[in-house]
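Student: For reference, this is coords36.txt, and it has compact mmCIF, C-alpha atoms and all ligand atoms.
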# COMPACT_ATOMS: atom_id res chain seq x y z
CA MET A 1 21.45 -4.82 10.61
CA ASN A 2 21.47 -1.54 8.65
CA ILE A 3 18.03 -0.88 7.18
CA GLY A 4 17.41 1.29 4.13
CA VAL A 5 13.97 2.64 3.27
CA ILE A 6 13.44 3.64 -0.38
CA GLY A 7 10.32 5.80 -0.86
CA LEU A 8 9.68 8.17 2.03
CA GLY A 9 6.09 9.21 1.26
CA ASN A 10 2.99 8.87 3.44
CA MET A 11 3.80 5.25 4.35
CA GLY A 12 7.59 4.93 3.97
CA SER A 13 8.36 7.95 6.15
CA GLY A 14 6.27 6.50 9.01
CA MET A 15 7.88 3.05 8.68
CA ALA A 16 11.41 4.53 8.69
CA ALA A 17 10.63 6.74 11.71
CA THR A 18 9.09 3.81 13.61
CA LEU A 19 12.15 1.62 13.07
CA ALA A 20 14.49 4.48 14.08
CA LYS A 21 12.44 5.05 17.26
CA LYS A 22 12.93 1.35 18.08
CA SER A 23 16.72 1.76 17.81
CA PHE A 24 17.33 0.18 14.40
CA PRO A 25 19.98 2.01 12.31
CA VAL A 26 17.82 3.41 9.49
CA PHE A 27 18.85 5.17 6.26
CA GLY A 28 16.36 6.76 3.86
CA PHE A 29 16.34 7.52 0.13
CA ASP A 30 13.71 9.29 -1.99
CA LEU A 31 13.79 11.13 -5.31
CA SER A 32 12.18 14.09 -3.51
CA SER A 33 14.60 16.34 -1.61
CA GLN A 34 11.67 17.53 0.55
CA ALA A 35 11.01 13.96 1.69
CA LEU A 36 14.73 13.53 2.51
CA GLU A 37 14.81 16.76 4.55
CA ALA A 38 11.66 15.80 6.46
CA ILE A 39 12.97 12.34 7.40
CA ALA A 40 16.15 13.79 8.91
CA THR A 41 14.02 15.16 11.77
CA GLN A 42 12.77 11.63 12.58
CA GLY A 43 16.04 9.96 13.61
CA VAL A 44 16.58 8.54 10.10
CA THR A 45 19.82 9.27 8.20
CA PRO A 46 18.96 10.71 4.77
CA VAL A 47 21.15 9.43 1.93
CA ALA A 48 21.06 11.48 -1.26
CA GLN A 49 22.71 8.83 -3.48
CA PHE A 50 20.87 5.60 -4.27
CA ALA A 51 24.15 3.65 -4.70
CA GLU A 52 25.37 4.77 -1.28
CA LEU A 53 22.19 3.59 0.42
CA VAL A 54 22.28 0.17 -1.24
CA ALA A 55 25.97 -0.29 -0.33
CA LEU A 56 25.26 0.61 3.32
CA CYS A 57 22.33 -1.70 3.96
CA ASP A 58 21.67 -5.35 4.87
CA VAL A 59 17.91 -4.97 4.45
CA VAL A 60 16.12 -2.62 2.05
CA ILE A 61 12.43 -1.76 2.52
CA LEU A 62 10.57 -0.41 -0.52
CA SER A 63 7.48 1.84 -0.21
CA LEU A 64 6.94 2.99 -3.79
CA PRO A 65 3.78 4.01 -5.65
CA LYS A 66 3.46 1.20 -8.22
CA ALA A 67 4.89 -2.07 -9.53
CA LEU A 68 6.75 -0.26 -12.31
CA HIS A 69 8.70 1.78 -9.72
CA VAL A 70 9.59 -1.45 -7.89
CA GLU A 71 10.89 -2.97 -11.11
CA GLN A 72 12.93 0.16 -11.92
CA VAL A 73 14.48 0.36 -8.45
CA CYS A 74 15.24 -3.37 -8.26
CA LEU A 75 16.27 -4.20 -11.82
CA GLY A 76 16.96 -0.76 -13.33
CA HIS A 77 16.37 0.45 -16.85
CA HIS A 78 18.20 -1.32 -19.68
CA GLN A 79 21.90 -1.77 -18.68
CA SER A 80 21.44 0.64 -15.77
CA THR A 81 23.95 0.50 -12.94
CA GLU A 82 21.52 2.29 -10.59
CA SER A 83 19.60 -0.72 -9.34
CA ILE A 84 19.55 -3.10 -6.41
CA LEU A 85 20.46 -5.91 -8.85
CA ALA A 86 23.61 -4.07 -9.96
CA LEU A 87 24.64 -2.70 -6.56
CA GLY A 88 23.30 -5.07 -3.87
CA LYS A 89 25.63 -7.45 -2.10
CA PRO A 90 24.80 -11.18 -1.80
CA GLY A 91 22.71 -11.77 1.33
CA LEU A 92 20.84 -8.47 0.99
CA ILE A 93 17.11 -8.84 1.72
CA VAL A 94 14.52 -6.66 -0.04
CA ILE A 95 11.13 -6.23 1.68
CA ASP A 96 8.67 -4.67 -0.77
CA THR A 97 5.71 -3.06 1.05
CA THR A 98 4.38 -1.44 -2.15
CA THR A 99 0.90 -2.56 -3.24
CA SER A 100 2.36 -4.17 -6.34
CA GLU A 101 1.70 -7.00 -8.78
CA ALA A 102 2.47 -10.68 -8.24
CA GLN A 103 4.08 -11.05 -11.69
CA THR A 104 6.45 -8.13 -10.95
CA SER A 105 7.37 -9.61 -7.57
CA ARG A 106 8.09 -13.00 -9.14
CA LYS A 107 10.21 -11.51 -11.94
CA VAL A 108 12.17 -9.25 -9.54
CA ALA A 109 12.69 -12.08 -7.01
CA ALA A 110 13.99 -14.44 -9.71
CA GLU A 111 16.48 -11.85 -11.08
CA LEU A 112 17.71 -10.80 -7.62
CA ALA A 113 18.12 -14.46 -6.57
CA LYS A 114 20.79 -14.82 -9.30
CA GLN A 115 22.92 -12.36 -7.27
CA GLY A 116 22.10 -14.03 -3.92
CA ILE A 117 19.63 -11.25 -3.00
CA GLU A 118 16.37 -12.32 -1.35
CA PHE A 119 12.94 -10.74 -1.86
CA LEU A 120 9.67 -10.67 0.07
CA ASP A 121 6.45 -9.01 -1.09
CA ALA A 122 4.94 -7.62 2.09
CA PRO A 123 2.15 -5.13 1.32
CA VAL A 124 0.64 -3.34 4.27
CA SER A 125 -2.66 -2.08 5.74
CA GLY A 126 -3.16 0.53 8.42
CA GLY A 127 -2.48 3.79 6.59
CA PRO A 128 0.04 6.48 7.54
CA ALA A 129 -1.11 6.35 11.18
CA GLY A 130 -0.36 2.60 11.32
CA ALA A 131 3.05 3.12 9.68
CA ALA A 132 3.97 5.90 12.13
CA SER A 133 2.90 3.87 15.18
CA GLY A 134 4.20 0.42 14.11
CA THR A 135 0.66 -1.03 14.11
CA MET A 136 0.25 -1.98 10.44
CA SER A 137 -0.70 -5.45 9.26
CA MET A 138 1.30 -7.22 6.54
CA VAL A 139 0.44 -10.00 4.09
CA ILE A 140 3.65 -11.66 2.98
CA GLY A 141 4.90 -13.75 0.08
CA GLY A 142 8.30 -15.41 0.05
CA LYS A 143 10.49 -18.03 1.68
CA GLU A 144 9.87 -18.99 5.31
CA SER A 145 13.63 -18.74 6.04
CA THR A 146 13.85 -15.17 4.65
CA LEU A 147 10.79 -14.20 6.67
CA ALA A 148 12.35 -15.62 9.85
CA THR A 149 15.54 -13.58 9.30
CA VAL A 150 13.68 -10.25 9.07
CA MET A 151 10.87 -11.03 11.55
CA PRO A 152 12.30 -8.69 14.25
CA ILE A 153 12.09 -5.83 11.71
CA LEU A 154 8.57 -6.76 10.55
CA ALA A 155 7.39 -7.12 14.15
CA ALA A 156 8.73 -3.64 14.95
CA MET A 157 6.73 -2.18 12.02
CA SER A 158 3.48 -4.09 12.37
CA THR A 159 1.26 -5.91 14.85
CA THR A 160 0.14 -8.65 12.43
CA GLN A 161 2.20 -10.56 9.87
CA VAL A 162 0.37 -13.18 7.78
CA HIS A 163 2.59 -15.44 5.65
CA ILE A 164 0.34 -16.13 2.66
CA GLY A 165 2.65 -18.25 0.47
CA ASP A 166 5.42 -17.99 -2.13
CA VAL A 167 6.60 -14.70 -3.68
CA GLY A 168 3.61 -12.85 -5.15
CA ALA A 169 1.04 -14.35 -2.77
CA GLY A 170 1.23 -11.27 -0.52
CA ASN A 171 0.36 -9.05 -3.50
CA ILE A 172 -2.65 -11.22 -4.38
CA ALA A 173 -3.98 -11.13 -0.78
CA LYS A 174 -3.53 -7.34 -0.66
CA ILE A 175 -5.34 -6.81 -3.97
CA ALA A 176 -8.23 -9.00 -2.72
CA ASN A 177 -8.38 -6.98 0.51
CA ASN A 178 -8.39 -3.63 -1.28
CA LEU A 179 -11.05 -4.71 -3.77
CA LEU A 180 -13.27 -5.53 -0.77
CA CYS A 181 -12.47 -2.17 0.84
CA ALA A 182 -13.28 -0.40 -2.47
CA ALA A 183 -16.62 -2.27 -2.61
CA HIS A 184 -17.44 -1.65 1.07
CA LEU A 185 -17.04 2.11 0.63
CA ILE A 186 -19.70 2.07 -2.09
CA THR A 187 -22.10 -0.46 -0.54
CA THR A 188 -21.90 1.12 2.92
CA ALA A 189 -22.47 4.61 1.50
CA GLU A 190 -25.53 3.27 -0.33
CA VAL A 191 -27.12 1.66 2.75
CA VAL A 192 -26.40 4.75 4.88
CA SER A 193 -28.13 6.81 2.18
CA LEU A 194 -31.04 4.33 2.13
CA ALA A 195 -31.50 4.60 5.91
CA GLN A 196 -31.16 8.37 5.90
CA HIS A 197 -33.84 8.78 3.24
CA ALA A 198 -36.05 6.41 5.30
CA GLY A 199 -35.70 8.68 8.34
CA VAL A 200 -32.75 7.11 10.27
CA ASP A 201 -29.64 9.17 10.99
CA ALA A 202 -26.28 8.07 9.50
CA ASP A 203 -24.53 7.60 12.85
CA LYS A 204 -27.47 5.55 14.23
CA VAL A 205 -27.66 3.17 11.27
CA LEU A 206 -23.86 2.72 11.40
CA ALA A 207 -24.06 1.88 15.11
CA GLY A 208 -26.65 -0.78 14.21
CA ILE A 209 -24.54 -2.17 11.33
CA ASN A 210 -21.43 -2.26 13.51
CA ALA A 211 -23.33 -4.37 16.06
CA GLY A 212 -24.48 -6.69 13.28
CA SER A 213 -23.15 -8.96 10.56
CA GLY A 214 -22.92 -6.25 7.87
CA ARG A 215 -20.01 -4.49 9.58
CA SER A 216 -16.57 -4.00 7.98
CA GLY A 217 -13.44 -1.93 8.47
CA VAL A 218 -15.16 0.75 6.40
CA SER A 219 -18.32 0.85 8.57
CA GLN A 220 -16.31 0.66 11.79
CA VAL A 221 -13.45 3.03 11.00
CA ASN A 222 -13.71 5.05 7.76
CA PHE A 223 -17.18 6.54 8.28
CA ALA A 224 -16.44 7.80 11.81
CA LYS A 225 -12.85 8.88 11.19
CA TRP A 226 -12.93 10.51 7.76
CA ILE A 227 -16.42 10.64 6.16
CA LEU A 228 -19.21 11.76 8.52
CA ASN A 229 -16.96 14.46 10.07
CA ASP A 230 -16.08 15.64 6.53
CA THR A 231 -12.31 15.56 7.13
CA TYR A 232 -11.32 13.23 4.25
CA ASN A 233 -7.68 13.21 5.37
CA SER A 234 -6.77 9.49 5.68
CA GLY A 235 -3.46 9.90 3.77
CA PHE A 236 -4.49 7.35 1.09
CA THR A 237 -5.36 8.91 -2.25
CA MET A 238 -7.99 8.25 -4.94
CA GLY A 239 -5.12 7.76 -7.39
CA LEU A 240 -3.55 4.92 -5.36
CA MET A 241 -6.91 3.20 -4.68
CA ARG A 242 -7.84 3.44 -8.38
CA LYS A 243 -4.44 1.80 -9.07
CA ASP A 244 -5.31 -1.05 -6.65
CA VAL A 245 -8.77 -1.57 -8.18
CA GLY A 246 -7.04 -1.62 -11.59
CA LEU A 247 -4.69 -4.35 -10.30
CA ALA A 248 -7.73 -6.43 -9.29
CA GLN A 249 -9.23 -5.90 -12.73
CA ASN A 250 -5.98 -6.97 -14.45
CA LEU A 251 -5.89 -10.11 -12.31
CA CYS A 252 -9.50 -11.00 -13.26
CA GLU A 253 -8.69 -10.47 -16.95
CA THR A 254 -5.50 -12.54 -16.74
CA LEU A 255 -7.44 -15.37 -15.10
CA ASN A 256 -10.41 -14.93 -17.48
CA LEU A 257 -12.75 -14.62 -14.49
CA SER A 258 -16.14 -12.94 -14.54
CA LEU A 259 -17.13 -11.49 -11.13
CA PRO A 260 -20.35 -9.50 -11.72
CA LEU A 261 -20.51 -7.31 -8.58
CA SER A 262 -16.75 -6.69 -8.59
CA GLU A 263 -16.96 -5.59 -12.23
CA THR A 264 -19.55 -2.95 -11.26
CA VAL A 265 -17.31 -1.78 -8.41
CA MET A 266 -14.33 -1.57 -10.79
CA ASP A 267 -16.40 0.43 -13.31
CA LEU A 268 -17.52 2.89 -10.61
CA TRP A 269 -13.94 3.46 -9.41
CA ARG A 270 -12.66 3.87 -12.98
CA GLN A 271 -15.44 6.37 -13.82
CA SER A 272 -14.72 8.31 -10.60
CA SER A 273 -11.64 9.84 -12.28
CA GLU A 274 -14.03 12.16 -14.16
CA SER A 275 -15.04 13.96 -10.94
CA LEU A 276 -12.50 13.04 -8.22
CA ALA A 277 -8.84 13.98 -8.78
CA ASP A 278 -5.95 11.58 -8.06
CA ASN A 279 -4.80 13.61 -5.04
CA GLU A 280 -8.21 13.56 -3.28
CA ASP A 281 -8.79 11.25 -0.32
CA PHE A 282 -9.97 7.76 -1.35
CA ASN A 283 -12.95 7.95 1.02
CA ALA A 284 -14.39 10.65 -1.29
CA ILE A 285 -15.80 7.86 -3.52
CA VAL A 286 -18.88 7.93 -1.20
CA LYS A 287 -19.75 11.38 -2.60
CA LEU A 288 -20.79 9.70 -5.84
CA SER A 289 -23.43 7.63 -3.98
CA ASP A 290 -25.59 10.49 -2.65
CA SER A 291 -24.72 14.11 -3.36
CA GLN A 292 -27.26 15.28 -0.72
CA LEU A 293 -25.73 13.24 2.08
CA TYR A 294 -21.94 13.45 1.48
P1 LIG B 301 3.36 8.31 -1.65
O1 LIG B 301 3.07 8.76 -3.04
O2 LIG B 301 2.99 9.20 -0.50
O3 LIG B 301 4.92 7.94 -1.50
C1 LIG B 301 5.70 7.33 -2.49
C2 LIG B 301 7.12 7.89 -2.40
O4 LIG B 301 7.95 7.17 -3.31
C3 LIG B 301 7.21 9.37 -2.79
O5 LIG B 301 7.86 10.10 -1.75
C4 LIG B 301 8.06 9.36 -4.07
O6 LIG B 301 8.88 10.51 -4.22
C5 LIG B 301 8.88 8.10 -3.86
N1 LIG B 301 9.44 7.53 -5.08
C6 LIG B 301 8.82 7.29 -6.27
N2 LIG B 301 9.68 6.71 -7.13
C7 LIG B 301 10.86 6.57 -6.47
C8 LIG B 301 12.13 6.05 -6.81
N3 LIG B 301 12.37 5.53 -8.03
N4 LIG B 301 13.12 6.08 -5.90
C9 LIG B 301 12.89 6.60 -4.66
N5 LIG B 301 11.72 7.13 -4.28
C10 LIG B 301 10.71 7.11 -5.18
O7 LIG B 301 2.63 6.90 -1.53
P2 LIG B 301 2.16 6.17 -0.16
O8 LIG B 301 0.78 6.62 0.19
O9 LIG B 301 3.26 6.26 0.83
O10 LIG B 301 2.03 4.67 -0.71
C11 LIG B 301 3.17 3.84 -0.97
C12 LIG B 301 2.67 2.44 -1.32
O11 LIG B 301 1.95 1.90 -0.19
C13 LIG B 301 1.68 2.41 -2.51
O12 LIG B 301 1.88 1.25 -3.26
C14 LIG B 301 0.31 2.40 -1.82
O13 LIG B 301 -0.68 1.81 -2.65
C15 LIG B 301 0.62 1.55 -0.59
N6 LIG B 301 -0.26 1.81 0.57
C16 LIG B 301 -0.61 3.09 0.94
C17 LIG B 301 -1.43 3.28 2.05
C18 LIG B 301 -1.84 4.68 2.50
O14 LIG B 301 -2.76 4.76 3.33
N7 LIG B 301 -1.24 5.74 2.00
C19 LIG B 301 -1.88 2.18 2.79
C20 LIG B 301 -1.48 0.91 2.42
C21 LIG B 301 -0.66 0.72 1.30
Please rewrite the model in this file as structure tokens.
Tutor:
Amino acid sequence: MNIGVIGLGNMGSGMAATLAKKSFPVFGFDLSSQALEAIATQGVTPVAQFAELVALCDVVILSLPKALHVEQVCLGHHQSTESILALGKPGLIVIDTTTSEAQTSRKVAAELAKQGIEFLDAPVSGGPAGAASGTMSMVIGGKESTLATVMPILAAMSTTQVHIGDVGAGNIAKIANNLLCAAHLITTAEVVSLAQHAGVDADKVLAGINAGSGRSGVSQVNFAKWILNDTYNSGFTMGLMRKDVGLAQNLCETLNLSLPLSETVMDLWRQSSESLADNEDFNAIVKLSDSQLY
């Protein structure tokens, strides 16, 4: 199976390189010529023309910033011929790893199905390091039969694949996960600050939390890897996490749900744009909790 990866940024480049390392024939496309040049050194064949990549491939993996990019690439602008819908052959499978929206996934899947093209929403966790080492986790929406067809590809990219439900269900699970991660960054920063001001060092209180029931991915990984050592270089930006928190907020509004603590978390992330630029590391949100500590 020829695999095309569209979007060769922090995540897509690692996924493409991982699949190439595991002997899959991989072709890459990105709007950025720098991204195309960089991927050529990773065993991936760069393709400068979108139409050429779509014609070549049996499976297309998307790793794009937002839902609107997914819709443009899959369905095109009005009457556009530069889209997977216009160019994809029947039987093509699209695996969308973008952290996107369920309604976009459902719309795109329904349109592509009219041409015999299948679609899975398969957002990922694990960051650029997980993408580059094939150790991501994926939450997946779509048909069981489509999932079975591409399972060897998913298993080469990730250690965990959770089939959540129909198309869109993967997006909902990912948004729920990232809202928790966004909250954990703030709540963990606050309790570390509390302990520090009460005379207990940050690394000691974190060791205690990680041995107890308050632990999370943030307390176990983010603080040691990117926050306490002041590196802030996880490869996931404030801009993308603010987008994910915004997706959670949209979902709450659509469902007319009131979630008091989550609303405070969403407000704090939205307000963070006043002091933390889109290209800063997402872990930098902790700096708003205690300016003396972080
Ligand atoms: P990124 O900004 O580094 O990469 C996105 C790439 O898409 C860029 O190279 C850009 O040029 C390309 N692109 C944009 N529009 C395009 C188009 N129409 N055609 C072809 N290429 C196009 O973003 P990223 O950090 O790799 O994240 C990608 C997705 O994965 C996002 O939805 C993000 O929320 C999600 N995600 C990121 C991480 C992380 O740690 N970085 C972790 C999990 C999930």
Student: How would you write, as a PyMOL selection string, the set of residues no farther than 9 Å from ligand LIG 301 (chain B) when counting all atoms listed in the file?
Tutor: chain A and resi 5-14+29-36+50+62-67+69-70+72-73+97-100+123-131+136+174+234-237+239-241+243-244
Student: CA of Glu111 (chain A) and CA of Ser83 (chain A) are how many Å apart?
Tutor: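 Straight-line distance from CA of Glu111 (chain A) to CA of Ser83 (chain A) works out to 11.7 Å.
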Student: Considering all atoms listed in the file, can you say which of A:Glu190, A:Asp121, A:Asp201, A:Glu82 comes closest to Gly165 (chain A)?
Tutor: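 Going through A:Glu190, A:Asp121, A:Asp201, A:Glu82 one by one, the smallest distance to Gly165 (chain A) is for A:Asp121.
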Student: Go ahead and compute the interatomic distance for CA of Ala38 (chain A) and CA of Gly88 (chain A), in Å to one decimal.
Tutor: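 Value for the CA of Ala38 (chain A)-CA of Gly88 (chain A) distance: 26.0 Å.
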Student: May I have the residues within 7 Å of Gly28 (chain A) as an mmCIF file with C-alpha atoms, in the frame of the given file, using only C-alpha atoms and disregarding those fewer than 6 positions away in the same chain?
Tutor:
data_model
loop_
_atom_site.group_PDB
_atom_site.id
_atom_site.type_symbol
_atom_site.label_atom_id
_atom_site.label_comp_id
_atom_site.auth_asym_id
_atom_site.auth_seq_id
_atom_site.Cartn_x
_atom_site.Cartn_y
_atom_site.Cartn_z
ATOM 1 C CA GLY A 4 17.410 1.290 4.130
ATOM 2 C CA VAL A 5 13.970 2.640 3.270
ATOM 3 C CA ILE A 6 13.440 3.640 -0.380
ATOM 4 C CA VAL A 44 16.580 8.540 10.100
ATOM 5 C CA THR A 45 19.820 9.270 8.200
ATOM 6 C CA PRO A 46 18.960 10.710 4.770
ATOM 7 C CA VAL A 47 21.150 9.430 1.930
#
Student: Can you tell me which residues surround Leu261 (chain A) at a distance of at most 12 Å, considering only C-alpha atoms, apart from same-chain residues fewer than 5 positions away, and format the answer as a list in words?
Tutor: Leu179, Leu180, Ala182, Ala183, His184, Ile186, Thr187, Met266, Asp267 and Leu268 of chain A
Student: Which distance in Å separates CA of Thr18 (chain A) and CA of Phe119 (chain A), to one decimal?
Tutor: 21.6 Å
Student: Of the candidates A:Val200, A:Asn250, A:Asn283, A:Ala211, which shows the shortest atom-to-atom distance to Met238 (chain A), using all atoms listed in the file?
Tutor: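 Nearest candidate to Met238 (chain A) out of A:Val200, A:Asn250, A:Asn283, A:Ala211: A:Asn283.
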Student: Counting only C-alpha atoms, find residues at most 10 Å from (10.6, -18.9, 1.3) (file frame) and give them as a ChimeraX atom specification.
Tutor: /A:118-120,141-148,163,165-167
Student: Find the residues around Val162 (chain A) up to 7 Å (all atoms listed in the file counted), leave out those fewer than 2 positions away in its own chain, and share them as a PDB file with C-alpha atoms, in the frame of the given file.
Tutor:
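Dumped everything to out15.pdb:
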ATOM      1  CA  MET A 138       1.300  -7.220   6.540  1.00  0.00           C
ATOM      2  CA  VAL A 139       0.440 -10.000   4.090  1.00  0.00           C
ATOM      3  CA  ILE A 140       3.650 -11.660   2.980  1.00  0.00           C
ATOM      4  CA  THR A 160       0.140  -8.650  12.430  1.00  0.00           C
ATOM      5  CA  ILE A 164       0.340 -16.130   2.660  1.00  0.00           C
TER       6      ILE A 164
END
Student: So, counting all atoms listed in the file, which residue among A:Leu255, A:Leu206, A:Val108, A:Val191 is closest to Val286 (chain A)?
Tutor: A:Val191
Student: So which one's closest to Ser133 (chain A), A:Val192, A:Ala17, A:Cys57, A:Ile84? Using all atoms listed in the file, please.
Tutor: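 Nearest to Ser133 (chain A): A:Ala17.
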Student: In terms of the shortest atom-to-atom distance over only C-alpha atoms, which of A:Ser137, A:Leu68, A:Ile175, A:Ser213 is closest to Ser158 (chain A)?
Tutor: A:Ser137
Student: Given 4 Å of margin on each side, can you work out the centre and size in Å (one decimal) of an axis-aligned box holding every listed atom of region 200-213 of chain A, as JSON?
Tutor:
{"center_x": -27.1, "center_y": 0.1, "center_z": 12.8, "size_x": 19.3, "size_y": 26.1, "size_z": 14.6}
